[in-house]
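S.K.: My file is protein11.pdb. It has PDB, C-alpha atoms, pLDDT in the B column:
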ATOM      1  CA  MET A1277       0.000   0.000   0.000  1.00 72.00           C
ATOM      2  CA  GLY A1278       2.921   2.368   0.547  1.00 78.00           C
ATOM      3  CA  ARG A1279       3.996   4.569   3.408  1.00 80.00           C
ATOM      4  CA  ARG A1280       2.115   7.725   2.477  1.00 84.00           C
ATOM      5  CA  PRO A1281      -1.291   6.060   1.909  1.00 86.00           C
ATOM      6  CA  THR A1282      -0.821   4.042   5.103  1.00 88.00           C
ATOM      7  CA  LEU A1283      -0.102   7.192   7.113  1.00 88.00           C
ATOM      8  CA  LEU A1284      -3.059   9.012   5.562  1.00 90.00           C
ATOM      9  CA  ALA A1285      -5.384   6.083   6.291  1.00 91.00           C
ATOM     10  CA  GLY A1286      -4.167   5.975   9.884  1.00 91.00           C
ATOM     11  CA  CYS A1287      -4.801   9.700  10.333  1.00 91.00           C
ATOM     12  CA  ILE A1288      -8.341   9.287   9.028  1.00 94.00           C
ATOM     13  CA  LEU A1289      -9.211   6.073  10.884  1.00 95.00           C
ATOM     14  CA  VAL A1290      -7.894   7.185  14.278  1.00 94.00           C
ATOM     15  CA  ILE A1291     -10.699   9.775  14.517  1.00 95.00           C
ATOM     16  CA  PRO A1292     -13.706   7.401  14.469  1.00 95.00           C
ATOM     17  CA  ALA A1293     -11.677   4.857  16.457  1.00 96.00           C
ATOM     18  CA  MET A1294     -11.199   7.330  19.308  1.00 95.00           C
ATOM     19  CA  PHE A1295     -14.846   8.385  19.347  1.00 96.00           C
ATOM     20  CA  LEU A1296     -15.919   4.728  19.304  1.00 96.00           C
ATOM     21  CA  SER A1297     -13.437   3.915  22.050  1.00 96.00           C
ATOM     22  CA  PHE A1298     -14.776   6.653  24.331  1.00 94.00           C
ATOM     23  CA  TYR A1299     -18.359   5.630  23.569  1.00 95.00           C
ATOM     24  CA  VAL A1300     -17.639   2.002  24.456  1.00 96.00           C
ATOM     25  CA  ALA A1301     -15.817   3.084  27.632  1.00 93.00           C
ATOM     26  CA  SER A1302     -18.926   4.973  28.765  1.00 92.00           C
ATOM     27  CA  PHE A1303     -20.654   1.649  29.502  1.00 94.00           C
ATOM     28  CA  ALA A1304     -18.280   1.297  32.485  1.00 91.00           C
ATOM     29  CA  THR A1305     -17.997  -2.486  32.537  1.00 94.00           C
ATOM     30  CA  PRO A1306     -14.807  -4.545  32.550  1.00 95.00           C
ATOM     31  CA  ALA A1307     -15.555  -5.808  29.036  1.00 95.00           C
ATOM     32  CA  SER A1308     -16.167  -2.292  27.734  1.00 94.00           C
ATOM     33  CA  ALA A1309     -12.913  -1.103  29.316  1.00 95.00           C
ATOM     34  CA  ILE A1310     -11.006  -3.835  27.486  1.00 96.00           C
ATOM     35  CA  ALA A1311     -12.807  -3.103  24.218  1.00 95.00           C
ATOM     36  CA  ALA A1312     -12.160   0.630  24.634  1.00 95.00           C
ATOM     37  CA  ALA A1313      -8.444  -0.075  25.005  1.00 95.00           C
ATOM     38  CA  VAL A1314      -8.319  -2.469  22.041  1.00 96.00           C
ATOM     39  CA  ILE A1315     -10.160  -0.286  19.498  1.00 95.00           C
ATOM     40  CA  PRO A1316      -7.427   2.364  19.067  1.00 92.00           C
ATOM     41  CA  VAL A1317      -4.735  -0.323  19.071  1.00 94.00           C
ATOM     42  CA  LEU A1318      -6.236  -1.691  15.854  1.00 93.00           C
ATOM     43  CA  VAL A1319      -5.510   1.614  14.082  1.00 92.00           C
ATOM     44  CA  TYR A1320      -2.131   2.553  15.580  1.00 90.00           C
ATOM     45  CA  PRO A1321      -0.062   0.189  13.389  1.00 90.00           C
ATOM     46  CA  LEU A1322      -1.168   2.172  10.335  1.00 88.00           C
ATOM     47  CA  ILE A1323       0.373   5.274  11.865  1.00 86.00           C
ATOM     48  CA  THR A1324       3.439   3.865  13.581  1.00 86.00           C
ATOM     49  CA  SER A1325       4.606   1.643  10.729  1.00 85.00           C
ATOM     50  CA  GLY A1326       4.616   4.423   8.162  1.00 81.00           C
ATOM     51  CA  MET A1327       5.859   7.038  10.618  1.00 83.00           C
ATOM     52  CA  THR A1328       8.907   5.035  11.652  1.00 82.00           C
ATOM     53  CA  ILE A1329      10.114   4.529   8.100  1.00 81.00           C
ATOM     54  CA  GLY A1330       9.032   8.036   7.097  1.00 80.00           C
ATOM     55  CA  LEU A1331      11.158   9.619   9.808  1.00 81.00           C
ATOM     56  CA  VAL A1332      14.188   7.634   8.715  1.00 80.00           C
ATOM     57  CA  ASP A1333      13.598   8.586   5.070  1.00 80.00           C
ATOM     58  CA  MET A1334      13.543  12.293   5.875  1.00 80.00           C
ATOM     59  CA  PHE A1335      17.233  12.532   6.709  1.00 83.00           C
ATOM     60  CA  PRO A1336      20.530  11.749   4.969  1.00 85.00           C
ATOM     61  CA  ARG A1337      22.121   8.509   6.087  1.00 85.00           C
ATOM     62  CA  GLU A1338      24.962  10.251   7.934  1.00 87.00           C
ATOM     63  CA  MET A1339      22.530  11.677  10.466  1.00 88.00           C
ATOM     64  CA  ARG A1340      19.482   9.383  10.197  1.00 87.00           C
ATOM     65  CA  VAL A1341      19.556   7.808  13.614  1.00 89.00           C
ATOM     66  CA  THR A1342      20.198  11.008  15.545  1.00 91.00           C
ATOM     67  CA  ALA A1343      17.818  13.212  13.562  1.00 90.00           C
ATOM     68  CA  SER A1344      14.944  10.724  13.456  1.00 88.00           C
ATOM     69  CA  GLY A1345      15.424   9.983  17.156  1.00 90.00           C
ATOM     70  CA  ILE A1346      15.265  13.664  18.054  1.00 92.00           C
ATOM     71  CA  ALA A1347      12.215  14.233  15.824  1.00 88.00           C
ATOM     72  CA  TYR A1348      10.345  11.199  17.175  1.00 88.00           C
ATOM     73  CA  ASN A1349      11.117  11.837  20.824  1.00 92.00           C
ATOM     74  CA  THR A1350      10.337  15.554  20.622  1.00 92.00           C
ATOM     75  CA  GLY A1351       6.902  14.779  19.207  1.00 87.00           C
ATOM     76  CA  THR A1352       6.342  12.057  21.786  1.00 89.00           C
ATOM     77  CA  ALA A1353       7.312  14.380  24.636  1.00 92.00           C
ATOM     78  CA  LEU A1354       5.213  17.303  23.393  1.00 90.00           C
ATOM     79  CA  PHE A1355       2.041  15.412  22.530  1.00 86.00           C
ATOM     80  CA  GLY A1356       2.270  12.121  24.393  1.00 87.00           C
ATOM     81  CA  GLY A1357       3.783  13.619  27.515  1.00 91.00           C
ATOM     82  CA  THR A1358       1.186  16.350  27.823  1.00 92.00           C
ATOM     83  CA  ALA A1359      -1.805  14.247  26.697  1.00 91.00           C
ATOM     84  CA  PRO A1360      -3.048  13.322  30.205  1.00 93.00           C
ATOM     85  CA  LEU A1361      -2.830  16.954  31.327  1.00 95.00           C
ATOM     86  CA  VAL A1362      -4.594  18.212  28.195  1.00 94.00           C
ATOM     87  CA  ALA A1363      -7.258  15.486  28.509  1.00 94.00           C
ATOM     88  CA  ALA A1364      -7.965  16.352  32.149  1.00 96.00           C
ATOM     89  CA  PHE A1365      -8.114  20.057  31.300  1.00 96.00           C
ATOM     90  CA  LEU A1366     -10.495  19.513  28.372  1.00 95.00           C
ATOM     91  CA  ILE A1367     -12.808  17.250  30.365  1.00 95.00           C
ATOM     92  CA  GLU A1368     -12.860  19.709  33.272  1.00 96.00           C
ATOM     93  CA  ARG A1369     -13.596  22.710  31.025  1.00 96.00           C
ATOM     94  CA  THR A1370     -16.161  21.070  28.760  1.00 95.00           C
ATOM     95  CA  GLY A1371     -17.720  18.605  31.178  1.00 94.00           C
ATOM     96  CA  THR A1372     -17.668  15.815  28.602  1.00 93.00           C
ATOM     97  CA  PRO A1373     -15.121  13.087  27.970  1.00 93.00           C
ATOM     98  CA  TYR A1374     -15.772  13.464  24.236  1.00 95.00           C
ATOM     99  CA  ALA A1375     -13.536  16.535  24.273  1.00 95.00           C
ATOM    100  CA  VAL A1376     -10.558  14.153  24.255  1.00 94.00           C
ATOM    101  CA  PRO A1377     -11.447  12.501  20.918  1.00 95.00           C
ATOM    102  CA  CYS A1378     -12.037  16.006  19.558  1.00 95.00           C
ATOM    103  CA  TYR A1379      -8.475  16.906  20.598  1.00 94.00           C
ATOM    104  CA  VAL A1380      -7.216  13.738  18.894  1.00 93.00           C
ATOM    105  CA  ALA A1381      -9.248  14.662  15.800  1.00 95.00           C
ATOM    106  CA  VAL A1382      -7.545  18.066  15.638  1.00 94.00           C
ATOM    107  CA  ILE A1383      -4.082  16.482  15.967  1.00 92.00           C
ATOM    108  CA  ALA A1384      -4.985  13.802  13.381  1.00 93.00           C
ATOM    109  CA  THR A1385      -6.221  16.478  10.969  1.00 95.00           C
ATOM    110  CA  ILE A1386      -2.974  18.424  11.337  1.00 92.00           C
ATOM    111  CA  SER A1387      -1.036  15.188  10.832  1.00 89.00           C
ATOM    112  CA  PHE A1388      -3.094  14.316   7.750  1.00 92.00           C
ATOM    113  CA  ALA A1389      -2.447  17.753   6.239  1.00 93.00           C
ATOM    114  CA  SER A1390       1.275  17.489   7.009  1.00 88.00           C
ATOM    115  CA  VAL A1391       1.601  14.052   5.423  1.00 86.00           C
ATOM    116  CA  PHE A1392      -0.542  15.011   2.441  1.00 88.00           C
ATOM    117  CA  LEU A1393       1.299  18.251   1.725  1.00 86.00           C
ATOM    118  CA  PHE A1394       4.876  17.523   2.719  1.00 79.00           C
ATOM    119  CA  TYR A1395       5.658  13.798   2.710  1.00 74.00           C
ATOM    120  CA  ASP A1396       6.913  12.696  -0.674  1.00 70.00           C
ATOM    121  CA  GLN A1397       8.309   9.164  -0.846  1.00 62.00           C
ATOM    122  CA  ARG A1398       9.990   9.872  -4.155  1.00 59.00           C
ATOM    123  CA  ARG A1399      12.277  12.373  -2.450  1.00 55.00           C
ATOM    124  CA  ALA A1400      13.151  10.008   0.366  1.00 51.00           C
ATOM    125  CA  ALA A1401      16.842   9.486   0.994  1.00 49.00           C
ATOM    126  CA  PRO A1402      17.889   6.211  -0.625  1.00 54.00           C
ATOM    127  CA  TYR A1403      18.902   3.260   1.474  1.00 53.00           C
ATOM    128  CA  VAL A1404      22.537   3.030   0.473  1.00 56.00           C
ATOM    129  CA  ALA A1405      24.861   0.902   2.519  1.00 53.00           C
ATOM    130  CA  ALA A1406      28.210   2.403   3.395  1.00 55.00           C
ATOM    131  CA  PRO A1407      31.211   0.534   2.001  1.00 56.00           C
ATOM    132  CA  ALA A1408      32.638  -1.936   4.489  1.00 53.00           C
ATOM    133  CA  ALA A1409      35.998  -0.147   4.446  1.00 54.00           C
ATOM    134  CA  ALA A1410      34.348   3.103   5.501  1.00 54.00           C
ATOM    135  CA  ILE A1411      32.822   1.601   8.629  1.00 56.00           C
ATOM    136  CA  ALA A1412      35.512  -0.889   9.557  1.00 55.00           C
ATOM    137  CA  ASP A1413      37.587  -0.063  12.619  1.00 57.00           C
ATOM    138  CA  PRO A1414      41.193  -0.751  11.680  1.00 56.00           C
ATOM    139  CA  VAL A1415      43.246  -2.513  14.297  1.00 59.00           C
ATOM    140  CA  SER A1416      46.492  -0.682  14.997  1.00 53.00           C
TER     141      SER A1416
END
As structure tokens, please, write out the structure in this file.
M.R.:
Amino acid sequence: MGRRPTLLAGCILVIPAMFLSFYVASFATPASAIAAAVIPVLVYPLITSGMTIGLVDMFPREMRVTASGIAYNTGTALFGGTAPLVAAFLIERTGTPYAVPCYVAVIATISFASVFLFYDQRRAAPYVAAPAAAIADPVS
């Protein structure tokens, strides 16, 4: 299917998945809690699989690991690290837990636009292996 279409599909499908997950969680039973946790997990591979390779493709091979690591972890810290605080704030201000899927929908829409407008697989840095002599550590 390709990285770009997979990422775009993930951005689209995470929105109804989150609303469905919060709806199912509202039944407040053990089974609904498990189902509410499983529903988003079914969509996340579409995002994470394409994102991982996409981040690596964005940078030249000399700096791939460092640059993709910084990009990934900065995004994780900013959005994942603050998600519980933002969720609690939104629920407190709006009085409804459905504010959280709305927040996810906004982030997914921004992600969709970013992937659609800026991610071009054809420009991705090629996977070229370094010559063995260039990476070998000579013994003195």
S.K.: Which neighbours of Ser1297 of chain A fall inside 7 Å, counting only C-alpha atoms, when residues of the same chain fewer than 2 positions from it are skipped, and could you give them as a PyMOL selection string?
M.R.: chain A and resi 1293-1295+1299-1301+1312+1315-1316
S.K.: Quote the spacing between atom CA of Gly1286 of chain A and atom CA of Pro1321 of chain A in Å to one decimal place.
M.R.: 7.9 Å
S.K.: Just to confirm, what's the straight-line distance from atom CA of Ile1383 of chain A to atom CA of Val1290 of chain A in Å (one decimal)?
M.R.: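 Atom CA of Val1290 of chain A lies 10.2 Å from atom CA of Ile1383 of chain A.
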S.K.: Using only C-alpha atoms, which residue out of A:Met1334, A:Ala1304, A:Ser1387, A:Pro1360 lies closest to Ile1288 of chain A?
M.R.: A:Ser1387
S.K.: Kindly extract all protein, DNA and RNA residues lying within 12 Å of the coordinates (-1.2, 13.9, 1.8) given in the file, considering all atoms listed in the file, and supply them as an mmCIF file with C-alpha atoms, keeping the file's coordinate frame.
M.R.:
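Output contents, as saved in result_3.cif:
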data_model
loop_
_atom_site.group_PDB
_atom_site.id
_atom_site.type_symbol
_atom_site.label_atom_id
_atom_site.label_comp_id
_atom_site.auth_asym_id
_atom_site.auth_seq_id
_atom_site.Cartn_x
_atom_site.Cartn_y
_atom_site.Cartn_z
ATOM 1 C CA ARG A 1279 3.996 4.569 3.408
ATOM 2 C CA ARG A 1280 2.115 7.725 2.477
ATOM 3 C CA PRO A 1281 -1.291 6.060 1.909
ATOM 4 C CA THR A 1282 -0.821 4.042 5.103
ATOM 5 C CA LEU A 1283 -0.102 7.192 7.113
ATOM 6 C CA LEU A 1284 -3.059 9.012 5.562
ATOM 7 C CA ALA A 1285 -5.384 6.083 6.291
ATOM 8 C CA GLY A 1286 -4.167 5.975 9.884
ATOM 9 C CA CYS A 1287 -4.801 9.700 10.333
ATOM 10 C CA ILE A 1288 -8.341 9.287 9.028
ATOM 11 C CA THR A 1385 -6.221 16.478 10.969
ATOM 12 C CA ILE A 1386 -2.974 18.424 11.337
ATOM 13 C CA SER A 1387 -1.036 15.188 10.832
ATOM 14 C CA PHE A 1388 -3.094 14.316 7.750
ATOM 15 C CA ALA A 1389 -2.447 17.753 6.239
ATOM 16 C CA SER A 1390 1.275 17.489 7.009
ATOM 17 C CA VAL A 1391 1.601 14.052 5.423
ATOM 18 C CA PHE A 1392 -0.542 15.011 2.441
ATOM 19 C CA LEU A 1393 1.299 18.251 1.725
ATOM 20 C CA PHE A 1394 4.876 17.523 2.719
ATOM 21 C CA TYR A 1395 5.658 13.798 2.710
ATOM 22 C CA ASP A 1396 6.913 12.696 -0.674
ATOM 23 C CA GLN A 1397 8.309 9.164 -0.846
#
S.K.: When the PyMOL selection byres ((chain A and resi 1344) around 8) is applied to the structure above, which residues does it catch, written out as number ranges by chain?
M.R.: A: 1331-1332, 1334-1335, 1340-1343, 1345-1348
S.K.: Could you please determine the separation between atom CA of Ile1367 of chain A and atom CA of Val1319 of chain A in Å, to one decimal place?
M.R.: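 Separating atom CA of Ile1367 of chain A from atom CA of Val1319 of chain A is a distance of 23.7 Å.
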S.K.: With all atoms listed in the file as the basis for distance, which of A:Ile1291, A:Ala1359, A:Ala1313, A:Ala1307 is at the shortest distance from Cys1378 of chain A?
M.R.: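 Counting all atoms listed in the file, the residue closest to Cys1378 of chain A is A:Ile1291.
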S.K.: Build an axis-aligned box that encloses every atom of segment 1301-1310 of chain A listed in the file, pad it by 3 Å on each side, and report its centre and edge lengths in Å to one decimal, as JSON.
M.R.:
{"center_x": -15.8, "center_y": -0.4, "center_z": 30.0, "size_x": 15.6, "size_y": 16.8, "size_z": 11.1}
S.K.: Which of these residues is nearest to Leu1322 of chain A, using all atoms listed in the file: A:Val1382, A:Leu1296, A:Met1277, A:Ala1364?
M.R.: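 Smallest separation from Leu1322 of chain A among the options: A:Met1277.
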S.K.: Restricting the calculation to all atoms listed in the file: of A:Ala1384, A:Ala1375, A:Thr1328, A:Ala1311, which residue gets closest to Asn1349 of chain A?
M.R.: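 Using all atoms listed in the file, the shortest distance to Asn1349 of chain A belongs to A:Thr1328.
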S.K.: Closest to Gly1330 of chain A among A:Thr1352, A:Gly1278, A:Ser1308, A:Arg1369, using all atoms listed in the file?
M.R.: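 When distances to Gly1330 of chain A are compared using all atoms listed in the file, the smallest one comes from A:Gly1278.
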